[in-house]
Amino acid sequence: MRILVVSLLYPLPTNVARGTFVSDNVELLRTCGHEVKVVNPLPRMLKYQETRRSTLTGVAKAPTYFEHGEVEVFAPRFWGLPGNPYPSITLRSMRKIAKKVPMWLGDWQPDAIVCHTIWPVAELANRLAKQWQVPWLAVVHGHDFDVGLMNPNTSGQILRLAKEVDQLVSVSQRLDEIAQSNGVEKHDVIRCHTAVEGEWLTSPKPWRGRWRKDKLDILFPADPRRPEKNHYLALQVGEELEKRGWVVGVTTLRQQPRSIVWDRMLVADATVITSTRESGPLVARESLACGTPVVSVNVGDVAEYLPEFCVVENYDAIELADAVELALQNDWSEGFSVIENYSSDYVKTQWQSVLSSLAE
């Protein structure tokens with residue numbers, strides 16, 4: 001099957017950490033034998049405007065055509081303003097892009113369209129699907145429902161597109177329930193798989209050093225510039241652990257390649273997640289796959305697979321510090337296995353089933 005992936009986020013030549021969850025899905029579709037091409041619309045902006053969010057790094061000067069992992073990518077420009085005060089302008093830009101995509105593809109026409117995130121790129125996917133008379137599905141990763149529905153400028157458009165899609169896929173049960181409560185009829189849950197490669201896979205390791213005297217390497221698996229990641233609380237956790245005698249170092253992740261991210265997960269003693277909003281997070285499962293215990297606030301789906309003592313209900317530095325020490329004391333000799341719903345084989349089967357039903 002020929003599949004056109006449309007996404008607001010995708011790795012760029014100068015920012016390979018951007019949209020890795022979408023590129024993981026593209027690679028999974030390719031391993032299923034599908035032929036995939038990607039359209040990644042980028043907002044028009046100046047270089048200094050990239051500082052607003054880490055996901056905007058590399059956008060201003062990104063090429064219109066490039067390849068990522070042997071996948072052809074088309075990155076046309078659209079007009080969009082922070083906060084989307086004039087959504088009609090953005091939607092009009094998407095409709096104009098719909099005229100450019102067939103010119104780029106030439107004789108190549110997709111059998112289905114997979115759109116990652118709804119606002120605003122689902123407008124483009126919807127237009128293209130009607131133009132070619134092919135089915136399309138949209139994947140909700142969190143922002144559309146957690147933030148977009150709270151914005152009166154975009155909420156109506158997001159719900160309209162979510163209901164027009166042939167199939168809506170959410171990456172968590174919580175997001176699927178939001179879709180149901182808003183009247184979306186065709187919906188399903190397909191989680192993002194854990195994409196850590198074989199050479200980094202290892203069992204979580206128990207603490208072997210001097211208790212409350214040795215150096216403790218804490219990994220904050222996000223860019224501290226993103227406010228929803230709550231970096232300040234992670235620093236408070238480090239400060240609380242230092243009060244107890246630990247020599248704490250806090251490592252953060254910015255725009256590193258996946259191999260470097262996994263290397264840092266391998267050497268960390270514990271990963272601490274303090275986010276106020278997550279659909280996954282993917283980094284929790286990746287860290288466990290790399291052998292590093294994870295302590296997290298109860299956000300996203302972490303409570304589904306983390307041991308109970310690793311999940312903290314309150315955004316409290318003392319409780320998180322207690323959980324870090326419990327994770328270090330735990331006997332991980334029997335290893336740790338993430339539930340089947342997150343395995344690549346299980347997720348691959350789900351995608352094959354959904355795409356087959358669309359083709360019928």
# chains A, B, ... in the order shown; residues from 1 in each chain; ligands from 1

call {"tool": "closest_atom_pairs", "arguments": {"of": "segment 264-324 of chain A", "to": "segment 209-230 of chain A", "cutoff": "10 Å", "atoms": "only C-alpha atoms", "output": "CSV"}}
result
residue,atom,partner,partner_atom,distance
A:Arg264,CA,A:Leu219,CA,7.8
A:Met265,CA,A:Leu219,CA,7.2
A:Val267,CA,A:Asp217,CA,8.0
A:Ala268,CA,A:Asp217,CA,5.2
A:Asp269,CA,A:Asp217,CA,5.2
A:Ala270,CA,A:Ile218,CA,5.2
A:Thr271,CA,A:Leu219,CA,4.6
A:Val272,CA,A:Phe220,CA,5.6
A:Ile273,CA,A:Phe220,CA,6.5
A:Thr274,CA,A:Asn230,CA,5.7
A:Ser275,CA,A:Lys229,CA,4.1
A:Thr276,CA,A:Glu228,CA,5.4
A:Arg277,CA,A:Glu228,CA,6.1
A:Glu278,CA,A:Glu228,CA,8.5
A:Pro281,CA,A:Pro221,CA,9.8
A:Leu282,CA,A:Pro221,CA,9.8
A:Val283,CA,A:Pro221,CA,6.5
A:Ala284,CA,A:Pro221,CA,8.3
A:Ser287,CA,A:Pro221,CA,8.8
A:Thr292,CA,A:Leu219,CA,9.4
A:Val294,CA,A:Leu219,CA,9.3
A:Tyr315,CA,A:Asn230,CA,9.7
A:Val324,CA,A:Ile218,CA,9.3

call {"tool": "closest_atom_pairs", "arguments": {"of": "segment 137-204 of chain A", "to": "segment 299-306 of chain A", "cutoff": "12 Å", "atoms": "only C-alpha atoms", "output": "JSON lines"}}
result
{"residue": "A:His141", "atom": "CA", "partner": "A:Gly300", "partner_atom": "CA", "distance": 10.7}
{"residue": "A:Gly142", "atom": "CA", "partner": "A:Gly300", "partner_atom": "CA", "distance": 9.3}
{"residue": "A:Asp146", "atom": "CA", "partner": "A:Gly300", "partner_atom": "CA", "distance": 11.2}
{"residue": "A:Val171", "atom": "CA", "partner": "A:Asp301", "partner_atom": "CA", "distance": 9.7}
{"residue": "A:Ser172", "atom": "CA", "partner": "A:Asp301", "partner_atom": "CA", "distance": 7.1}
{"residue": "A:Gln173", "atom": "CA", "partner": "A:Asp301", "partner_atom": "CA", "distance": 8.4}
{"residue": "A:Arg174", "atom": "CA", "partner": "A:Gly300", "partner_atom": "CA", "distance": 8.1}
{"residue": "A:Leu175", "atom": "CA", "partner": "A:Gly300", "partner_atom": "CA", "distance": 9.6}
{"residue": "A:Arg191", "atom": "CA", "partner": "A:Asp301", "partner_atom": "CA", "distance": 10.0}
{"residue": "A:Cys192", "atom": "CA", "partner": "A:Asp301", "partner_atom": "CA", "distance": 11.3}

call {"tool": "residues_around", "arguments": {"residues": "Tyr346 of chain A", "least_positions_apart": "6", "cutoff": "10 Å", "atoms": "only C-alpha atoms", "output": "list of chain:residue names"}}
result
A:Ile190, A:Arg191, A:His193, A:Glu340

call {"tool": "write_last_selection", "arguments": {"atoms": "C-alpha atoms", "output": "PDB file, in the first residue's frame"}}
result
ATOM      1  CA  ILE A 190      -3.081   2.393  19.021  1.00  0.00           C
ATOM      2  CA  ARG A 191      -0.205   3.205  21.325  1.00  0.00           C
ATOM      3  CA  HIS A 193       5.604   1.427  20.331  1.00  0.00           C
ATOM      4  CA  GLU A 340       2.327  -6.191  25.252  1.00  0.00           C
TER       5      GLU A 340
END

call {"tool": "closest_atom_pairs", "arguments": {"of": "segment 224-303 of chain A", "to": "segment 6-25 of chain A", "cutoff": "9 Å", "atoms": "only C-alpha atoms", "output": "tab-separated table"}}
result
residue	atom	partner	partner_atom	distance
A:Arg254	CA	A:Ala17	CA	7.8
A:Gln255	CA	A:Ala17	CA	5.0
A:Gln256	CA	A:Ala17	CA	5.8
A:Pro257	CA	A:Ala17	CA	5.8
A:Arg258	CA	A:Ala17	CA	7.0
A:Leu282	CA	A:Phe21	CA	8.1

call {"tool": "write_last_selection", "arguments": {"atoms": "N, CA and C atoms", "output": "PDB file, in the first residue's frame"}}
result
ATOM      1  N   ARG A 254      18.166  17.682  24.894  1.00  0.00           N
ATOM      2  CA  ARG A 254      17.718  18.725  23.982  1.00  0.00           C
ATOM      3  C   ARG A 254      17.526  18.104  22.605  1.00  0.00           C
ATOM      4  N   GLN A 255      18.215  18.625  21.577  1.00  0.00           N
ATOM      5  CA  GLN A 255      18.021  18.096  20.220  1.00  0.00           C
ATOM      6  C   GLN A 255      19.105  17.085  19.847  1.00  0.00           C
ATOM      7  N   GLN A 256      19.208  15.996  20.623  1.00  0.00           N
ATOM      8  CA  GLN A 256      20.206  14.977  20.334  1.00  0.00           C
ATOM      9  C   GLN A 256      19.619  13.863  19.468  1.00  0.00           C
ATOM     10  N   PRO A 257      20.464  13.213  18.668  1.00  0.00           N
ATOM     11  CA  PRO A 257      20.030  12.013  17.934  1.00  0.00           C
ATOM     12  C   PRO A 257      19.595  10.922  18.901  1.00  0.00           C
ATOM     13  N   ARG A 258      18.753  10.009  18.422  1.00  0.00           N
ATOM     14  CA  ARG A 258      18.225   8.962  19.298  1.00  0.00           C
ATOM     15  C   ARG A 258      19.335   8.143  19.945  1.00  0.00           C
ATOM     16  N   LEU A 282       6.874   8.705  25.888  1.00  0.00           N
ATOM     17  CA  LEU A 282       7.716   7.676  25.285  1.00  0.00           C
ATOM     18  C   LEU A 282       9.013   7.471  26.048  1.00  0.00           C
TER      19      LEU A 282
END

call {"tool": "select_by_dssp", "arguments": {"residues": "segment 101-192 of chain A", "states": "strand (DSSP E or B)", "output": "MDAnalysis selection string"}}
result
chainID A and resid 112:116 136:140 167:170 187:189

call {"tool": "write_last_selection", "arguments": {"atoms": "N, CA and C atoms", "output": "PDB file, in the first residue's frame"}}
result
ATOM      1  N   ALA A 112      -3.851   5.595   0.870  1.00  0.00           N
ATOM      2  CA  ALA A 112      -4.416   6.065   2.136  1.00  0.00           C
ATOM      3  C   ALA A 112      -3.526   7.182   2.673  1.00  0.00           C
ATOM      4  N   ILE A 113      -4.102   8.027   3.538  1.00  0.00           N
ATOM      5  CA  ILE A 113      -3.367   9.137   4.153  1.00  0.00           C
ATOM      6  C   ILE A 113      -3.426   8.970   5.661  1.00  0.00           C
ATOM      7  N   VAL A 114      -2.271   9.058   6.292  1.00  0.00           N
ATOM      8  CA  VAL A 114      -2.170   9.013   7.753  1.00  0.00           C
ATOM      9  C   VAL A 114      -1.716  10.387   8.221  1.00  0.00           C
ATOM     10  N   CYS A 115      -2.551  11.034   9.030  1.00  0.00           N
ATOM     11  CA  CYS A 115      -2.265  12.397   9.484  1.00  0.00           C
ATOM     12  C   CYS A 115      -1.955  12.392  10.985  1.00  0.00           C
ATOM     13  N   HIS A 116      -0.739  12.754  11.353  1.00  0.00           N
ATOM     14  CA  HIS A 116      -0.355  12.836  12.766  1.00  0.00           C
ATOM     15  C   HIS A 116      -0.605  14.252  13.279  1.00  0.00           C
ATOM     16  N   TRP A 136      -8.630   8.403   4.850  1.00  0.00           N
ATOM     17  CA  TRP A 136      -7.577   9.005   5.671  1.00  0.00           C
ATOM     18  C   TRP A 136      -7.907   8.828   7.144  1.00  0.00           C
ATOM     19  N   LEU A 137      -6.876   8.755   7.938  1.00  0.00           N
ATOM     20  CA  LEU A 137      -7.056   8.662   9.386  1.00  0.00           C
ATOM     21  C   LEU A 137      -6.171   9.686  10.073  1.00  0.00           C
ATOM     22  N   ALA A 138      -6.587  10.118  11.240  1.00  0.00           N
ATOM     23  CA  ALA A 138      -5.827  11.094  12.023  1.00  0.00           C
ATOM     24  C   ALA A 138      -5.391  10.458  13.335  1.00  0.00           C
ATOM     25  N   VAL A 139      -4.167  10.782  13.754  1.00  0.00           N
ATOM     26  CA  VAL A 139      -3.621  10.255  15.007  1.00  0.00           C
ATOM     27  C   VAL A 139      -3.489  11.410  15.994  1.00  0.00           C
ATOM     28  N   VAL A 140      -4.121  11.269  17.165  1.00  0.00           N
ATOM     29  CA  VAL A 140      -4.058  12.292  18.207  1.00  0.00           C
ATOM     30  C   VAL A 140      -3.005  11.888  19.228  1.00  0.00           C
ATOM     31  N   GLN A 167     -11.151   7.459  10.226  1.00  0.00           N
ATOM     32  CA  GLN A 167     -10.806   6.741  11.452  1.00  0.00           C
ATOM     33  C   GLN A 167      -9.944   7.647  12.310  1.00  0.00           C
ATOM     34  N   LEU A 168     -10.305   7.806  13.575  1.00  0.00           N
ATOM     35  CA  LEU A 168      -9.491   8.582  14.510  1.00  0.00           C
ATOM     36  C   LEU A 168      -8.741   7.618  15.412  1.00  0.00           C
ATOM     37  N   VAL A 169      -7.444   7.778  15.493  1.00  0.00           N
ATOM     38  CA  VAL A 169      -6.606   6.933  16.338  1.00  0.00           C
ATOM     39  C   VAL A 169      -6.023   7.781  17.455  1.00  0.00           C
ATOM     40  N   SER A 170      -6.197   7.343  18.694  1.00  0.00           N
ATOM     41  CA  SER A 170      -5.594   8.008  19.852  1.00  0.00           C
ATOM     42  C   SER A 170      -4.482   7.124  20.394  1.00  0.00           C
ATOM     43  N   HIS A 187     -13.413   5.652  16.224  1.00  0.00           N
ATOM     44  CA  HIS A 187     -12.209   5.900  17.017  1.00  0.00           C
ATOM     45  C   HIS A 187     -11.597   4.581  17.482  1.00  0.00           C
ATOM     46  N   ASP A 188     -10.318   4.618  17.763  1.00  0.00           N
ATOM     47  CA  ASP A 188      -9.607   3.431  18.222  1.00  0.00           C
ATOM     48  C   ASP A 188      -8.366   3.887  18.983  1.00  0.00           C
ATOM     49  N   VAL A 189      -7.735   2.957  19.688  1.00  0.00           N
ATOM     50  CA  VAL A 189      -6.507   3.247  20.437  1.00  0.00           C
ATOM     51  C   VAL A 189      -5.372   2.407  19.870  1.00  0.00           C
TER      52      VAL A 189
END

call {"tool": "residues_around", "arguments": {"residues": "Ala75 of chain A", "least_positions_apart": "6", "cutoff": "7 Å", "atoms": "only C-alpha atoms", "output": "list in words"}}
result
Val39, Asn40, Pro41, Leu42, Thr64 and Tyr65 of chain A

call {"tool": "closest_residue", "arguments": {"among": "A:Asp111, A:Lys205, A:Lys37, A:Gln157", "to": "Ser88 of chain A", "atoms": "only C-alpha atoms"}}
result
A:Gln157

call {"tool": "select_by_dssp", "arguments": {"residues": "segment 172-206 of chain A", "states": "alpha helix (DSSP H)", "output": "list in words"}}
result
Gln173, Arg174, Leu175, Asp176, Glu177, Ile178, Ala179, Gln180 and Ser181 of chain A

call {"tool": "atom_distance", "arguments": {"atom1": "atom CA of Ser93 of chain A", "atom2": "atom CA of Asp166 of chain A"}}
result
22.9 Å

call {"tool": "closest_residue", "arguments": {"among": "A:Val71, A:Val36, A:Glu313, A:Arg285", "to": "Asn298 of chain A", "atoms": "only C-alpha atoms"}}
result
A:Glu313

call {"tool": "atom_distance", "arguments": {"atom1": "atom CA of Pro152 of chain A", "atom2": "atom CA of Thr117 of chain A"}}
result
17.8 Å

call {"tool": "atom_distance", "arguments": {"atom1": "atom CA of Lys99 of chain A", "atom2": "atom CA of Glu50 of chain A"}}
result
27.3 Å

call {"tool": "residues_around", "arguments": {"residues": "Trp332 of chain A", "least_positions_apart": "4", "cutoff": "10 Å", "atoms": "only C-alpha atoms", "output": "JSON, numbers by chain"}}
result
{"A": [203, 204, 205, 206, 207, 291, 293, 327, 328, 336]}

call {"tool": "write_last_selection", "arguments": {"atoms": "all heavy atoms", "output": "compact mmCIF listing (two decimals), in the first residue's frame"}}
result
# COMPACT_ATOMS: atom_id res chain seq x y z
N SER A 203 18.38 -4.86 31.14
CA SER A 203 17.48 -4.88 32.30
C SER A 203 17.81 -3.74 33.26
O SER A 203 18.98 -3.35 33.38
CB SER A 203 17.61 -6.21 33.05
OG SER A 203 17.28 -7.29 32.20
N PRO A 204 16.82 -3.16 33.96
CA PRO A 204 17.09 -2.12 34.95
C PRO A 204 18.10 -2.61 35.98
O PRO A 204 18.07 -3.77 36.42
CB PRO A 204 15.72 -1.86 35.59
CG PRO A 204 14.76 -2.22 34.51
CD PRO A 204 15.36 -3.39 33.80
N LYS A 205 19.00 -1.72 36.35
CA LYS A 205 20.10 -2.11 37.22
C LYS A 205 19.89 -1.60 38.66
O LYS A 205 19.47 -0.47 38.87
CB LYS A 205 21.41 -1.53 36.66
CG LYS A 205 21.31 -0.07 36.22
CD LYS A 205 22.52 0.36 35.42
CE LYS A 205 22.38 1.80 34.92
NZ LYS A 205 21.30 1.94 33.90
N PRO A 206 20.18 -2.43 39.65
CA PRO A 206 20.06 -1.99 41.05
C PRO A 206 21.23 -1.08 41.43
O PRO A 206 22.28 -1.08 40.79
CB PRO A 206 20.10 -3.30 41.83
CG PRO A 206 20.92 -4.22 40.96
CD PRO A 206 20.59 -3.82 39.54
N TRP A 207 21.04 -0.31 42.48
CA TRP A 207 22.09 0.59 42.96
C TRP A 207 23.19 -0.20 43.64
O TRP A 207 22.94 -1.06 44.48
CB TRP A 207 21.48 1.61 43.92
CG TRP A 207 22.51 2.52 44.54
CD1 TRP A 207 22.99 2.47 45.81
CD2 TRP A 207 23.19 3.59 43.89
NE1 TRP A 207 23.93 3.46 45.99
CE2 TRP A 207 24.08 4.16 44.84
CE3 TRP A 207 23.14 4.12 42.60
CZ2 TRP A 207 24.89 5.23 44.53
CZ3 TRP A 207 23.95 5.19 42.30
CH2 TRP A 207 24.81 5.73 43.26
N GLY A 291 17.48 0.18 30.66
CA GLY A 291 17.97 -0.30 31.94
C GLY A 291 18.00 0.71 33.06
O GLY A 291 18.66 0.47 34.08
N PRO A 293 15.85 2.80 35.93
CA PRO A 293 14.56 2.94 36.61
C PRO A 293 13.94 4.31 36.38
O PRO A 293 14.66 5.31 36.23
CB PRO A 293 14.92 2.75 38.09
CG PRO A 293 16.21 2.01 38.08
CD PRO A 293 16.94 2.46 36.86
N ALA A 327 13.15 3.35 44.17
CA ALA A 327 13.51 2.73 42.88
C ALA A 327 14.94 2.22 42.92
O ALA A 327 15.23 1.15 42.35
CB ALA A 327 13.34 3.75 41.76
N LEU A 328 15.84 2.94 43.58
CA LEU A 328 17.23 2.50 43.69
C LEU A 328 17.35 1.28 44.59
O LEU A 328 18.19 0.41 44.35
CB LEU A 328 18.09 3.65 44.23
CG LEU A 328 18.24 4.89 43.34
CD1 LEU A 328 19.01 5.98 44.07
CD2 LEU A 328 18.93 4.54 42.03
N PHE A 336 12.53 -6.15 33.75
CA PHE A 336 11.27 -5.41 33.63
C PHE A 336 10.77 -5.56 32.21
O PHE A 336 11.52 -5.39 31.26
CB PHE A 336 11.48 -3.93 33.96
CG PHE A 336 10.22 -3.12 33.88
CD1 PHE A 336 9.40 -2.98 34.98
CD2 PHE A 336 9.84 -2.50 32.69
CE1 PHE A 336 8.23 -2.25 34.92
CE2 PHE A 336 8.68 -1.77 32.62
CZ PHE A 336 7.87 -1.64 33.73

call {"tool": "closest_residue", "arguments": {"among": "A:Tyr232, A:Thr202, A:Pro110, A:Lys100", "to": "His34 of chain A", "atoms": "only C-alpha atoms"}}
result
A:Pro110

call {"tool": "decode", "arguments": {"residues": "segment 123-135 of chain A", "atoms": "all heavy atoms", "output": "PDB file, in the first residue's frame"}}
result
ATOM      1  N   GLU A 123      -6.603  19.518   7.986  1.00  0.00           N
ATOM      2  CA  GLU A 123      -7.301  20.212   6.905  1.00  0.00           C
ATOM      3  C   GLU A 123      -6.662  19.862   5.566  1.00  0.00           C
ATOM      4  O   GLU A 123      -7.362  19.626   4.569  1.00  0.00           O
ATOM      5  CB  GLU A 123      -7.253  21.721   7.132  1.00  0.00           C
ATOM      6  CG  GLU A 123      -7.912  22.549   6.047  1.00  0.00           C
ATOM      7  CD  GLU A 123      -9.427  22.407   6.008  1.00  0.00           C
ATOM      8  OE1 GLU A 123     -10.011  21.946   7.020  1.00  0.00           O
ATOM      9  OE2 GLU A 123     -10.029  22.754   4.978  1.00  0.00           O
ATOM     10  N   LEU A 124      -5.327  19.801   5.548  1.00  0.00           N
ATOM     11  CA  LEU A 124      -4.603  19.405   4.336  1.00  0.00           C
ATOM     12  C   LEU A 124      -4.899  17.949   3.991  1.00  0.00           C
ATOM     13  O   LEU A 124      -5.182  17.620   2.830  1.00  0.00           O
ATOM     14  CB  LEU A 124      -3.103  19.607   4.545  1.00  0.00           C
ATOM     15  CG  LEU A 124      -2.166  19.049   3.468  1.00  0.00           C
ATOM     16  CD1 LEU A 124      -2.442  19.691   2.120  1.00  0.00           C
ATOM     17  CD2 LEU A 124      -0.706  19.258   3.884  1.00  0.00           C
ATOM     18  N   ALA A 125      -4.844  17.059   4.980  1.00  0.00           N
ATOM     19  CA  ALA A 125      -5.106  15.635   4.736  1.00  0.00           C
ATOM     20  C   ALA A 125      -6.525  15.419   4.226  1.00  0.00           C
ATOM     21  O   ALA A 125      -6.760  14.617   3.317  1.00  0.00           O
ATOM     22  CB  ALA A 125      -4.884  14.846   6.030  1.00  0.00           C
ATOM     23  N   ASN A 126      -7.473  16.151   4.800  1.00  0.00           N
ATOM     24  CA  ASN A 126      -8.865  16.029   4.390  1.00  0.00           C
ATOM     25  C   ASN A 126      -9.044  16.457   2.930  1.00  0.00           C
ATOM     26  O   ASN A 126      -9.734  15.791   2.149  1.00  0.00           O
ATOM     27  CB  ASN A 126      -9.741  16.884   5.315  1.00  0.00           C
ATOM     28  CG  ASN A 126     -11.215  16.595   5.167  1.00  0.00           C
ATOM     29  OD1 ASN A 126     -11.609  15.552   4.650  1.00  0.00           O
ATOM     30  ND2 ASN A 126     -12.043  17.527   5.612  1.00  0.00           N
ATOM     31  N   ARG A 127      -8.430  17.578   2.564  1.00  0.00           N
ATOM     32  CA  ARG A 127      -8.513  18.071   1.186  1.00  0.00           C
ATOM     33  C   ARG A 127      -7.914  17.081   0.200  1.00  0.00           C
ATOM     34  O   ARG A 127      -8.484  16.800  -0.860  1.00  0.00           O
ATOM     35  CB  ARG A 127      -7.780  19.406   1.080  1.00  0.00           C
ATOM     36  CG  ARG A 127      -8.531  20.583   1.668  1.00  0.00           C
ATOM     37  CD  ARG A 127      -9.640  20.998   0.730  1.00  0.00           C
ATOM     38  NE  ARG A 127     -10.488  22.015   1.308  1.00  0.00           N
ATOM     39  CZ  ARG A 127     -10.906  23.088   0.669  1.00  0.00           C
ATOM     40  NH1 ARG A 127     -10.537  23.294  -0.593  1.00  0.00           N
ATOM     41  NH2 ARG A 127     -11.708  23.954   1.243  1.00  0.00           N
ATOM     42  N   LEU A 128      -6.736  16.556   0.537  1.00  0.00           N
ATOM     43  CA  LEU A 128      -6.066  15.612  -0.357  1.00  0.00           C
ATOM     44  C   LEU A 128      -6.867  14.318  -0.494  1.00  0.00           C
ATOM     45  O   LEU A 128      -6.961  13.738  -1.586  1.00  0.00           O
ATOM     46  CB  LEU A 128      -4.662  15.315   0.163  1.00  0.00           C
ATOM     47  CG  LEU A 128      -3.659  16.479   0.101  1.00  0.00           C
ATOM     48  CD1 LEU A 128      -2.382  16.116   0.825  1.00  0.00           C
ATOM     49  CD2 LEU A 128      -3.368  16.859  -1.348  1.00  0.00           C
ATOM     50  N   ALA A 129      -7.447  13.845   0.620  1.00  0.00           N
ATOM     51  CA  ALA A 129      -8.223  12.610   0.581  1.00  0.00           C
ATOM     52  C   ALA A 129      -9.448  12.755  -0.332  1.00  0.00           C
ATOM     53  O   ALA A 129      -9.777  11.842  -1.099  1.00  0.00           O
ATOM     54  CB  ALA A 129      -8.660  12.232   1.994  1.00  0.00           C
ATOM     55  N   LYS A 130     -10.099  13.905  -0.257  1.00  0.00           N
ATOM     56  CA  LYS A 130     -11.259  14.145  -1.128  1.00  0.00           C
ATOM     57  C   LYS A 130     -10.835  14.284  -2.589  1.00  0.00           C
ATOM     58  O   LYS A 130     -11.514  13.816  -3.500  1.00  0.00           O
ATOM     59  CB  LYS A 130     -11.989  15.407  -0.669  1.00  0.00           C
ATOM     60  CG  LYS A 130     -12.722  15.253   0.658  1.00  0.00           C
ATOM     61  CD  LYS A 130     -13.387  16.554   1.079  1.00  0.00           C
ATOM     62  CE  LYS A 130     -14.138  16.370   2.402  1.00  0.00           C
ATOM     63  NZ  LYS A 130     -14.753  17.646   2.874  1.00  0.00           N
ATOM     64  N   GLN A 131      -9.673  14.908  -2.773  1.00  0.00           N
ATOM     65  CA  GLN A 131      -9.171  15.114  -4.134  1.00  0.00           C
ATOM     66  C   GLN A 131      -8.846  13.790  -4.817  1.00  0.00           C
ATOM     67  O   GLN A 131      -9.145  13.599  -5.999  1.00  0.00           O
ATOM     68  CB  GLN A 131      -7.931  16.008  -4.060  1.00  0.00           C
ATOM     69  CG  GLN A 131      -7.318  16.357  -5.398  1.00  0.00           C
ATOM     70  CD  GLN A 131      -6.159  17.334  -5.224  1.00  0.00           C
ATOM     71  OE1 GLN A 131      -6.197  18.218  -4.380  1.00  0.00           O
ATOM     72  NE2 GLN A 131      -5.113  17.158  -6.006  1.00  0.00           N
ATOM     73  N   TRP A 132      -8.220  12.875  -4.060  1.00  0.00           N
ATOM     74  CA  TRP A 132      -7.838  11.582  -4.624  1.00  0.00           C
ATOM     75  C   TRP A 132      -8.892  10.499  -4.381  1.00  0.00           C
ATOM     76  O   TRP A 132      -8.748   9.380  -4.869  1.00  0.00           O
ATOM     77  CB  TRP A 132      -6.513  11.120  -4.024  1.00  0.00           C
ATOM     78  CG  TRP A 132      -5.319  11.852  -4.551  1.00  0.00           C
ATOM     79  CD1 TRP A 132      -5.042  12.150  -5.845  1.00  0.00           C
ATOM     80  CD2 TRP A 132      -4.220  12.355  -3.777  1.00  0.00           C
ATOM     81  NE1 TRP A 132      -3.846  12.809  -5.938  1.00  0.00           N
ATOM     82  CE2 TRP A 132      -3.307  12.958  -4.684  1.00  0.00           C
ATOM     83  CE3 TRP A 132      -3.903  12.374  -2.424  1.00  0.00           C
ATOM     84  CZ2 TRP A 132      -2.120  13.551  -4.271  1.00  0.00           C
ATOM     85  CZ3 TRP A 132      -2.729  12.969  -2.010  1.00  0.00           C
ATOM     86  CH2 TRP A 132      -1.848  13.545  -2.933  1.00  0.00           C
ATOM     87  N   GLN A 133      -9.895  10.811  -3.549  1.00  0.00           N
ATOM     88  CA  GLN A 133     -10.928   9.847  -3.178  1.00  0.00           C
ATOM     89  C   GLN A 133     -10.315   8.606  -2.522  1.00  0.00           C
ATOM     90  O   GLN A 133     -10.580   7.467  -2.905  1.00  0.00           O
ATOM     91  CB  GLN A 133     -11.782   9.465  -4.391  1.00  0.00           C
ATOM     92  CG  GLN A 133     -12.576  10.636  -4.962  1.00  0.00           C
ATOM     93  CD  GLN A 133     -13.518  10.223  -6.091  1.00  0.00           C
ATOM     94  OE1 GLN A 133     -13.266   9.242  -6.790  1.00  0.00           O
ATOM     95  NE2 GLN A 133     -14.594  10.962  -6.258  1.00  0.00           N
ATOM     96  N   VAL A 134      -9.476   8.876  -1.509  1.00  0.00           N
ATOM     97  CA  VAL A 134      -8.859   7.800  -0.738  1.00  0.00           C
ATOM     98  C   VAL A 134      -9.203   8.013   0.737  1.00  0.00           C
ATOM     99  O   VAL A 134      -9.513   9.128   1.156  1.00  0.00           O
ATOM    100  CB  VAL A 134      -7.324   7.785  -0.923  1.00  0.00           C
ATOM    101  CG1 VAL A 134      -6.965   7.500  -2.380  1.00  0.00           C
ATOM    102  CG2 VAL A 134      -6.689   9.083  -0.444  1.00  0.00           C
ATOM    103  N   PRO A 135      -9.167   6.950   1.550  1.00  0.00           N
ATOM    104  CA  PRO A 135      -9.458   7.100   2.985  1.00  0.00           C
ATOM    105  C   PRO A 135      -8.306   7.787   3.723  1.00  0.00           C
ATOM    106  O   PRO A 135      -7.156   7.742   3.283  1.00  0.00           O
ATOM    107  CB  PRO A 135      -9.641   5.655   3.450  1.00  0.00           C
ATOM    108  CG  PRO A 135      -8.816   4.852   2.497  1.00  0.00           C
ATOM    109  CD  PRO A 135      -8.914   5.548   1.173  1.00  0.00           C
TER     110      PRO A 135
END
